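Notes for the one structure printed next.
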Amino acid sequence: MKIGIIGMGWVGTSIASALLTRGEVRELYVNDIRSGVAEGEAMDLAHASAFLRAAHVQAAELEQMHACDAVVIAAGRNGKPNESRLDLLRDNAAVARQLGAALRGYHGLLIMVTNPVDVLTHVLLEASGLPPERVLGTGTLLDTARMRHRVGETLHVASQSVHLNVLGEHGDSQVAVFSSARVGGVSLRGWPGWDRAAEPALADSVRWAAREIIARKGATNHAIGMATAYLLKWALADERRVLTVSRLQQGAAGLRDVCISLPAIVGRRGACEVLEPELDDAERAALMRSAQVLREARYKLV
Ligand SMILES: NC(=O)c1ccc[n+]([C@@H]2O[C@H](COP(=O)([O-])OP(=O)(O)OC[C@H]3O[C@@H](n4cnc5c(N)ncnc54)[C@H](O)[C@@H]3O)[C@@H](O)[C@H]2O)c1
């Protein structure tokens, strides 16, 4: 795998490190607007590779990214404490537009990580002119992982056995789909001792997780680094995992013309098949509201 990462801050470096540690990448190109940072990170990561499966790491110009199987964008600025992801929009949209233009005609997968990730996926899609299945946002992949962790912890079960998707915006309007959640094939709501009254607080703990972490350490990086590295591995190995990623929706769950997370089968050609999620009435209404939040955020840009 030849992978490019644009933006070598907290998140970009964590993605690089997770990729190298897993031994999945043969060539890693890193880029940052601060070219010295990209060069320094490439040197540091290359030295670490002495302990890992051989990989070549180098600082690269944007034009060189065209040779990669996948390019991840973690460039832009981070959220401040008490700032909504949508507050970041204007600054980071300018970066996404510039990078999309530089990647026009690119043949591989583009993965947007920078926030607000859903709207920026849309900006990147338009600026790059690539087909919608090849321009993904990590979306609620991280929120779903956080929710599986929280529920697993509550039930004393491995989070890998918890199947509970968080859909919608990677942000405040996200929707945790408890109604169809299952644990080892058993309905979550039928699990002995499961307390439905605790669901809203659980959903909020995931909704606000990033703010809690940013308030303490200034950024979130480890979990998104791992989530993105696995997304790349599964996609490029064409494993066809069902993942909650953001892409332009074209009718599933009644959603169109908005980049938002729904479950999708992800393979080497991207998020080609979007699945129809099983939702109750309240969840469906919340998903529609979430899509509206994202549409309004995007309209603010035009
Ligand atoms: N999608 C998610 O689940 C998720 C999770 C965590 C963080 N994030 C987001 O990822 C983004 C990056 O976060 P961070 O903590 O790494 O920020 P950071 O400030 O540490 O790093 C951003 C990097 O981008 C670089 N950069 C800025 N403009 C650039 C350009 N035009 N070209 C190349 N590089 C450029 C900066 O020099 C910097 O090194 C933020 O928007 C953050 O909110 C997303």
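In the structure tokens, the first chain shown is A, the next is B, and so on; residue numbers restart at 1 for each chain, and ligands run from 1 in the order shown.
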Find the spatial neighbours of range 237-239 of chain A, counting only C-alpha atoms, within a cut-off of 9 Å - ignore same-chain residues fewer than 5 positions away - and output them as a list of chain:residue names.
-> A:Leu232, A:Ile265, A:Val266, A:Gly267, A:Arg268, A:Arg269, A:Gly270
Take the residues from that selection and write them out as an mmCIF file, in the first residue's frame, keeping C-alpha atoms.
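Generated file (out-v4.cif):
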data_model
loop_
_atom_site.group_PDB
_atom_site.id
_atom_site.type_symbol
_atom_site.label_atom_id
_atom_site.label_comp_id
_atom_site.auth_asym_id
_atom_site.auth_seq_id
_atom_site.Cartn_x
_atom_site.Cartn_y
_atom_site.Cartn_z
ATOM 1 C CA LEU A 232 -7.439 2.233 5.080
ATOM 2 C CA ILE A 265 -19.852 -1.540 2.440
ATOM 3 C CA VAL A 266 -16.329 -0.216 1.983
ATOM 4 C CA GLY A 267 -13.852 -1.774 -0.417
ATOM 5 C CA ARG A 268 -11.039 -0.815 -2.725
ATOM 6 C CA ARG A 269 -13.363 1.225 -4.930
ATOM 7 C CA GLY A 270 -14.657 3.103 -1.880
#
Collect all residues with atoms no farther than 8 Å from ligand 1, counting only C-alpha atoms and all ligand atoms, and output them as a ChimeraX atom specification.
-> /A:6-13,31-34,37,74-79,85,88,92,95-96,98-99,112-117,137-143,170,210,218-221,223-224
DSSP on the backbone, then: every residue of range 66-236 of chain A marked helix (DSSP H, G or I), written as a count of residues only.
-> 92
Range 245-284 of chain A: which residues are strand (DSSP E or B) by DSSP, as a PDB file with all heavy atoms, in the first residue's frame?
ATOM      1  N   VAL A 245     -19.413   5.396   7.611  1.00  0.00           N
ATOM      2  CA  VAL A 245     -18.577   6.467   7.051  1.00  0.00           C
ATOM      3  C   VAL A 245     -19.477   7.486   6.350  1.00  0.00           C
ATOM      4  O   VAL A 245     -20.606   7.182   5.975  1.00  0.00           O
ATOM      5  CB  VAL A 245     -17.523   5.928   6.047  1.00  0.00           C
ATOM      6  CG1 VAL A 245     -16.428   5.177   6.770  1.00  0.00           C
ATOM      7  CG2 VAL A 245     -18.178   5.061   4.978  1.00  0.00           C
ATOM      8  N   SER A 246     -18.913   8.670   6.169  1.00  0.00           N
ATOM      9  CA  SER A 246     -19.664   9.751   5.531  1.00  0.00           C
ATOM     10  C   SER A 246     -19.387   9.761   4.032  1.00  0.00           C
ATOM     11  O   SER A 246     -18.236   9.609   3.610  1.00  0.00           O
ATOM     12  CB  SER A 246     -19.214  11.075   6.162  1.00  0.00           C
ATOM     13  OG  SER A 246     -20.037  12.127   5.740  1.00  0.00           O
ATOM     14  N   ARG A 247     -20.440   9.912   3.236  1.00  0.00           N
ATOM     15  CA  ARG A 247     -20.283  10.101   1.796  1.00  0.00           C
ATOM     16  C   ARG A 247     -21.541  10.806   1.295  1.00  0.00           C
ATOM     17  O   ARG A 247     -22.528  10.904   2.029  1.00  0.00           O
ATOM     18  CB  ARG A 247     -20.064   8.781   1.045  1.00  0.00           C
ATOM     19  CG  ARG A 247     -21.150   7.752   1.181  1.00  0.00           C
ATOM     20  CD  ARG A 247     -21.218   6.822  -0.021  1.00  0.00           C
ATOM     21  NE  ARG A 247     -21.911   7.487  -1.128  1.00  0.00           N
ATOM     22  CZ  ARG A 247     -22.024   6.995  -2.359  1.00  0.00           C
ATOM     23  NH1 ARG A 247     -21.497   5.829  -2.645  1.00  0.00           N
ATOM     24  NH2 ARG A 247     -22.691   7.636  -3.295  1.00  0.00           N
ATOM     25  N   LEU A 248     -21.482  11.255   0.062  1.00  0.00           N
ATOM     26  CA  LEU A 248     -22.669  11.876  -0.520  1.00  0.00           C
ATOM     27  C   LEU A 248     -23.760  10.822  -0.603  1.00  0.00           C
ATOM     28  O   LEU A 248     -23.553   9.762  -1.212  1.00  0.00           O
ATOM     29  CB  LEU A 248     -22.357  12.419  -1.912  1.00  0.00           C
ATOM     30  CG  LEU A 248     -23.547  13.137  -2.560  1.00  0.00           C
ATOM     31  CD1 LEU A 248     -23.785  14.483  -1.890  1.00  0.00           C
ATOM     32  CD2 LEU A 248     -23.325  13.325  -4.058  1.00  0.00           C
ATOM     33  N   GLN A 249     -24.896  11.106   0.008  1.00  0.00           N
ATOM     34  CA  GLN A 249     -25.988  10.135  -0.018  1.00  0.00           C
ATOM     35  C   GLN A 249     -26.856  10.348  -1.243  1.00  0.00           C
ATOM     36  O   GLN A 249     -27.071  11.484  -1.676  1.00  0.00           O
ATOM     37  CB  GLN A 249     -26.818  10.227   1.271  1.00  0.00           C
ATOM     38  CG  GLN A 249     -26.007   9.887   2.517  1.00  0.00           C
ATOM     39  CD  GLN A 249     -25.379   8.489   2.479  1.00  0.00           C
ATOM     40  OE1 GLN A 249     -25.867   7.584   1.791  1.00  0.00           O
ATOM     41  NE2 GLN A 249     -24.281   8.309   3.221  1.00  0.00           N
ATOM     42  N   GLN A 250     -27.336   9.224  -1.790  1.00  0.00           N
ATOM     43  CA  GLN A 250     -28.115   9.290  -3.028  1.00  0.00           C
ATOM     44  C   GLN A 250     -29.417   8.509  -2.896  1.00  0.00           C
ATOM     45  O   GLN A 250     -29.824   7.824  -3.807  1.00  0.00           O
ATOM     46  CB  GLN A 250     -27.262   8.774  -4.198  1.00  0.00           C
ATOM     47  CG  GLN A 250     -26.054   9.669  -4.454  1.00  0.00           C
ATOM     48  CD  GLN A 250     -25.074   9.120  -5.473  1.00  0.00           C
ATOM     49  OE1 GLN A 250     -24.765   7.933  -5.441  1.00  0.00           O
ATOM     50  NE2 GLN A 250     -24.580   9.973  -6.363  1.00  0.00           N
ATOM     51  N   ARG A 256     -30.593  12.608   0.480  1.00  0.00           N
ATOM     52  CA  ARG A 256     -29.957  12.968  -0.801  1.00  0.00           C
ATOM     53  C   ARG A 256     -29.204  14.274  -0.628  1.00  0.00           C
ATOM     54  O   ARG A 256     -29.549  15.088   0.229  1.00  0.00           O
ATOM     55  CB  ARG A 256     -31.030  13.248  -1.867  1.00  0.00           C
ATOM     56  CG  ARG A 256     -31.623  12.021  -2.421  1.00  0.00           C
ATOM     57  CD  ARG A 256     -32.585  12.304  -3.564  1.00  0.00           C
ATOM     58  NE  ARG A 256     -33.250  11.069  -3.917  1.00  0.00           N
ATOM     59  CZ  ARG A 256     -32.673  10.103  -4.620  1.00  0.00           C
ATOM     60  NH1 ARG A 256     -31.465  10.267  -5.103  1.00  0.00           N
ATOM     61  NH2 ARG A 256     -33.301   8.977  -4.852  1.00  0.00           N
ATOM     62  N   ASP A 257     -28.215  14.466  -1.496  1.00  0.00           N
ATOM     63  CA  ASP A 257     -27.515  15.756  -1.594  1.00  0.00           C
ATOM     64  C   ASP A 257     -26.915  16.219  -0.277  1.00  0.00           C
ATOM     65  O   ASP A 257     -26.871  17.418   0.004  1.00  0.00           O
ATOM     66  CB  ASP A 257     -28.453  16.849  -2.125  1.00  0.00           C
ATOM     67  CG  ASP A 257     -28.958  16.479  -3.506  1.00  0.00           C
ATOM     68  OD1 ASP A 257     -28.196  15.845  -4.257  1.00  0.00           O
ATOM     69  OD2 ASP A 257     -30.123  16.803  -3.807  1.00  0.00           O
ATOM     70  N   VAL A 258     -26.482  15.276   0.537  1.00  0.00           N
ATOM     71  CA  VAL A 258     -25.817  15.643   1.790  1.00  0.00           C
ATOM     72  C   VAL A 258     -24.786  14.567   2.086  1.00  0.00           C
ATOM     73  O   VAL A 258     -25.034  13.378   1.864  1.00  0.00           O
ATOM     74  CB  VAL A 258     -26.860  15.791   2.940  1.00  0.00           C
ATOM     75  CG1 VAL A 258     -27.602  14.496   3.226  1.00  0.00           C
ATOM     76  CG2 VAL A 258     -26.219  16.339   4.205  1.00  0.00           C
ATOM     77  N   CYS A 259     -23.603  14.978   2.535  1.00  0.00           N
ATOM     78  CA  CYS A 259     -22.601  14.006   2.986  1.00  0.00           C
ATOM     79  C   CYS A 259     -22.844  13.760   4.462  1.00  0.00           C
ATOM     80  O   CYS A 259     -22.789  14.695   5.283  1.00  0.00           O
ATOM     81  CB  CYS A 259     -21.183  14.537   2.763  1.00  0.00           C
ATOM     82  SG  CYS A 259     -20.681  14.516   1.036  1.00  0.00           S
ATOM     83  N   ILE A 260     -23.131  12.535   4.798  1.00  0.00           N
ATOM     84  CA  ILE A 260     -23.519  12.166   6.169  1.00  0.00           C
ATOM     85  C   ILE A 260     -23.244  10.675   6.321  1.00  0.00           C
ATOM     86  O   ILE A 260     -23.179   9.956   5.320  1.00  0.00           O
ATOM     87  CB  ILE A 260     -25.020  12.520   6.388  1.00  0.00           C
ATOM     88  CG1 ILE A 260     -25.423  12.446   7.856  1.00  0.00           C
ATOM     89  CG2 ILE A 260     -25.938  11.650   5.530  1.00  0.00           C
ATOM     90  CD1 ILE A 260     -26.788  13.090   8.147  1.00  0.00           C
ATOM     91  N   SER A 261     -23.107  10.211   7.564  1.00  0.00           N
ATOM     92  CA  SER A 261     -22.783   8.795   7.788  1.00  0.00           C
ATOM     93  C   SER A 261     -24.011   7.906   7.860  1.00  0.00           C
ATOM     94  O   SER A 261     -24.937   8.154   8.634  1.00  0.00           O
ATOM     95  CB  SER A 261     -21.994   8.624   9.092  1.00  0.00           C
ATOM     96  OG  SER A 261     -20.690   9.093   8.934  1.00  0.00           O
ATOM     97  N   LEU A 262     -23.964   6.855   7.043  1.00  0.00           N
ATOM     98  CA  LEU A 262     -24.885   5.715   7.109  1.00  0.00           C
ATOM     99  C   LEU A 262     -23.990   4.492   7.003  1.00  0.00           C
ATOM    100  O   LEU A 262     -22.845   4.607   6.546  1.00  0.00           O
ATOM    101  CB  LEU A 262     -25.861   5.747   5.921  1.00  0.00           C
ATOM    102  CG  LEU A 262     -26.921   6.852   5.903  1.00  0.00           C
ATOM    103  CD1 LEU A 262     -27.739   6.767   4.625  1.00  0.00           C
ATOM    104  CD2 LEU A 262     -27.841   6.756   7.120  1.00  0.00           C
ATOM    105  N   PRO A 263     -24.478   3.295   7.352  1.00  0.00           N
ATOM    106  CA  PRO A 263     -23.630   2.119   7.163  1.00  0.00           C
ATOM    107  C   PRO A 263     -23.393   1.870   5.675  1.00  0.00           C
ATOM    108  O   PRO A 263     -24.337   1.951   4.883  1.00  0.00           O
ATOM    109  CB  PRO A 263     -24.423   0.976   7.791  1.00  0.00           C
ATOM    110  CG  PRO A 263     -25.752   1.511   8.147  1.00  0.00           C
ATOM    111  CD  PRO A 263     -25.775   2.983   7.965  1.00  0.00           C
ATOM    112  N   ALA A 264     -22.145   1.592   5.313  1.00  0.00           N
ATOM    113  CA  ALA A 264     -21.832   1.351   3.900  1.00  0.00           C
ATOM    114  C   ALA A 264     -20.804   0.231   3.809  1.00  0.00           C
ATOM    115  O   ALA A 264     -19.983   0.043   4.710  1.00  0.00           O
ATOM    116  CB  ALA A 264     -21.263   2.617   3.259  1.00  0.00           C
ATOM    117  N   ILE A 265     -20.872  -0.517   2.703  1.00  0.00           N
ATOM    118  CA  ILE A 265     -19.852  -1.540   2.440  1.00  0.00           C
ATOM    119  C   ILE A 265     -18.675  -0.824   1.797  1.00  0.00           C
ATOM    120  O   ILE A 265     -18.827  -0.136   0.783  1.00  0.00           O
ATOM    121  CB  ILE A 265     -20.405  -2.630   1.497  1.00  0.00           C
ATOM    122  CG1 ILE A 265     -21.638  -3.297   2.119  1.00  0.00           C
ATOM    123  CG2 ILE A 265     -19.316  -3.676   1.202  1.00  0.00           C
ATOM    124  CD1 ILE A 265     -22.340  -4.293   1.204  1.00  0.00           C
ATOM    125  N   VAL A 266     -17.498  -0.958   2.451  1.00  0.00           N
ATOM    126  CA  VAL A 266     -16.329  -0.216   1.983  1.00  0.00           C
ATOM    127  C   VAL A 266     -15.282  -1.186   1.443  1.00  0.00           C
ATOM    128  O   VAL A 266     -14.882  -2.132   2.124  1.00  0.00           O
ATOM    129  CB  VAL A 266     -15.720   0.624   3.131  1.00  0.00           C
ATOM    130  CG1 VAL A 266     -14.527   1.431   2.623  1.00  0.00           C
ATOM    131  CG2 VAL A 266     -16.763   1.553   3.730  1.00  0.00           C
ATOM    132  N   GLY A 267     -14.885  -0.953   0.216  1.00  0.00           N
ATOM    133  CA  GLY A 267     -13.852  -1.774  -0.417  1.00  0.00           C
ATOM    134  C   GLY A 267     -12.864  -0.902  -1.156  1.00  0.00           C
ATOM    135  O   GLY A 267     -12.800   0.310  -0.940  1.00  0.00           O
ATOM    136  N   GLY A 270     -14.038   2.126  -2.760  1.00  0.00           N
ATOM    137  CA  GLY A 270     -14.657   3.103  -1.880  1.00  0.00           C
ATOM    138  C   GLY A 270     -15.930   2.600  -1.232  1.00  0.00           C
ATOM    139  O   GLY A 270     -16.128   1.394  -1.089  1.00  0.00           O
ATOM    140  N   ALA A 271     -16.781   3.548  -0.833  1.00  0.00           N
ATOM    141  CA  ALA A 271     -18.049   3.202  -0.167  1.00  0.00           C
ATOM    142  C   ALA A 271     -19.115   3.081  -1.245  1.00  0.00           C
ATOM    143  O   ALA A 271     -19.890   4.006  -1.485  1.00  0.00           O
ATOM    144  CB  ALA A 271     -18.421   4.270   0.851  1.00  0.00           C
ATOM    145  N   CYS A 272     -19.114   1.917  -1.918  1.00  0.00           N
ATOM    146  CA  CYS A 272     -19.956   1.763  -3.112  1.00  0.00           C
ATOM    147  C   CYS A 272     -21.406   1.479  -2.769  1.00  0.00           C
ATOM    148  O   CYS A 272     -22.300   1.924  -3.461  1.00  0.00           O
ATOM    149  CB  CYS A 272     -19.424   0.631  -3.978  1.00  0.00           C
ATOM    150  SG  CYS A 272     -17.835   1.060  -4.695  1.00  0.00           S
ATOM    151  N   GLU A 273     -21.639   0.702  -1.719  1.00  0.00           N
ATOM    152  CA  GLU A 273     -23.023   0.316  -1.405  1.00  0.00           C
ATOM    153  C   GLU A 273     -23.416   0.843  -0.029  1.00  0.00           C
ATOM    154  O   GLU A 273     -22.811   0.463   0.969  1.00  0.00           O
ATOM    155  CB  GLU A 273     -23.157  -1.205  -1.419  1.00  0.00           C
ATOM    156  CG  GLU A 273     -22.993  -1.810  -2.808  1.00  0.00           C
ATOM    157  CD  GLU A 273     -22.614  -3.269  -2.750  1.00  0.00           C
ATOM    158  OE1 GLU A 273     -23.442  -4.078  -2.316  1.00  0.00           O
ATOM    159  OE2 GLU A 273     -21.461  -3.595  -3.124  1.00  0.00           O
ATOM    160  N   VAL A 274     -24.424   1.694  -0.004  1.00  0.00           N
ATOM    161  CA  VAL A 274     -24.913   2.231   1.268  1.00  0.00           C
ATOM    162  C   VAL A 274     -26.103   1.387   1.704  1.00  0.00           C
ATOM    163  O   VAL A 274     -26.979   1.067   0.888  1.00  0.00           O
ATOM    164  CB  VAL A 274     -25.325   3.711   1.121  1.00  0.00           C
ATOM    165  CG1 VAL A 274     -25.853   4.260   2.443  1.00  0.00           C
ATOM    166  CG2 VAL A 274     -24.145   4.548   0.626  1.00  0.00           C
TER     167      VAL A 274
END
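Here CA of Val166 in chain A and CA of Leu124 in chain A stand 23.0 Å from one another.
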Choose the residue, out of A:Val72, A:Met43, A:Ala50, A:Leu279, that has the smallest atom-to-atom separation from Arg134 in chain A; count only C-alpha atoms.
-> A:Val72
Here CA of Leu120 in chain A and CA of Arg148 in chain A stand apart by 25.7 Å
Go through A:Ala93, A:Leu231, A:Leu167, A:Ala285 and flag the residue nearest Lys300 in chain A, using only C-alpha atoms for the distances.
-> A:Ala93
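When only C-alpha atoms are used to compute distances to Ser49 in chain A, the closest of the residues A:Val293, A:Ile5, A:Leu62, A:Ala18 turns out to be A:Ala18.
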The distance between CA of Leu164 in chain A and CA of Leu236 in chain A is 24.4 Å
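Remark: for Glu296 in chain A, the closest of the candidate residues A:Ile111, A:Pro200, A:Val119, A:His163 is A:Val119 (distances computed over only C-alpha atoms).
Proximity to Val25 in chain A was assessed for A:Ala145, A:Ala229, A:Leu202, A:Ala158 counting only C-alpha atoms; the smallest distance is recorded for A:Ala229.
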Residues at most 10 Å from Ala16 in chain A, counting only C-alpha atoms, excluding those fewer than 4 positions away in the same chain, as a ChimeraX atom specification?
-> /A:3-5,8,11-12,20-21,25,28-30,41-42,45,57,225-226,228-229
Pull N, CA and C atoms from the residues just selected and write them as a compact mmCIF listing (two decimals), in the first residue's frame.
# COMPACT_ATOMS: atom_id res chain seq x y z
N ILE A 3 0.44 5.13 0.74
CA ILE A 3 -0.55 6.01 1.35
C ILE A 3 0.03 7.41 1.55
N GLY A 4 -0.80 8.40 1.32
CA GLY A 4 -0.40 9.78 1.56
C GLY A 4 -1.18 10.38 2.72
N ILE A 5 -0.53 11.19 3.52
CA ILE A 5 -1.23 11.91 4.60
C ILE A 5 -0.91 13.39 4.44
N MET A 8 0.22 17.06 9.11
CA MET A 8 0.96 16.20 10.05
C MET A 8 0.96 16.81 11.45
N VAL A 11 -3.32 14.54 14.62
CA VAL A 11 -4.07 13.46 13.99
C VAL A 11 -3.26 12.78 12.89
N GLY A 12 -2.67 13.58 11.99
CA GLY A 12 -1.89 13.01 10.89
C GLY A 12 -0.77 12.12 11.40
N LEU A 20 2.07 2.46 10.37
CA LEU A 20 3.40 1.83 10.38
C LEU A 20 3.45 0.70 11.40
N THR A 21 2.85 0.92 12.56
CA THR A 21 2.88 -0.10 13.61
C THR A 21 2.18 -1.37 13.15
N VAL A 25 1.61 -0.54 5.53
CA VAL A 25 1.98 0.43 4.51
C VAL A 25 3.41 0.18 4.03
N LEU A 28 4.94 5.56 2.57
CA LEU A 28 4.12 6.59 3.23
C LEU A 28 4.64 7.96 2.84
N TYR A 29 3.78 8.77 2.21
CA TYR A 29 4.12 10.13 1.82
C TYR A 29 3.45 11.09 2.79
N VAL A 30 4.19 11.99 3.38
CA VAL A 30 3.58 12.92 4.31
C VAL A 30 3.81 14.36 3.84
N GLU A 41 8.82 14.96 10.65
CA GLU A 41 7.99 13.80 10.97
C GLU A 41 8.41 12.59 10.12
N ALA A 42 8.71 12.85 8.84
CA ALA A 42 9.13 11.73 7.96
C ALA A 42 10.42 11.10 8.50
N LEU A 45 9.55 9.17 11.83
CA LEU A 45 8.79 7.94 11.54
C LEU A 45 9.68 6.91 10.85
N VAL A 57 9.34 6.03 4.26
CA VAL A 57 8.58 7.21 4.64
C VAL A 57 9.30 8.44 4.10
N GLY A 225 -6.65 8.06 14.97
CA GLY A 225 -5.49 7.50 14.25
C GLY A 225 -5.70 6.03 13.95
N MET A 226 -6.16 5.30 14.96
CA MET A 226 -6.39 3.86 14.81
C MET A 226 -7.57 3.61 13.87
N THR A 228 -8.72 5.45 11.46
CA THR A 228 -8.37 5.75 10.06
C THR A 228 -7.43 4.70 9.50
N ALA A 229 -6.48 4.24 10.30
CA ALA A 229 -5.55 3.21 9.82
C ALA A 229 -6.32 1.93 9.47
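Each of A:Pro131, A:Pro277, A:Gly185, A:Gly193 was compared to Thr154 in chain A using only C-alpha atoms, and A:Gly193 turns out to be the nearest.
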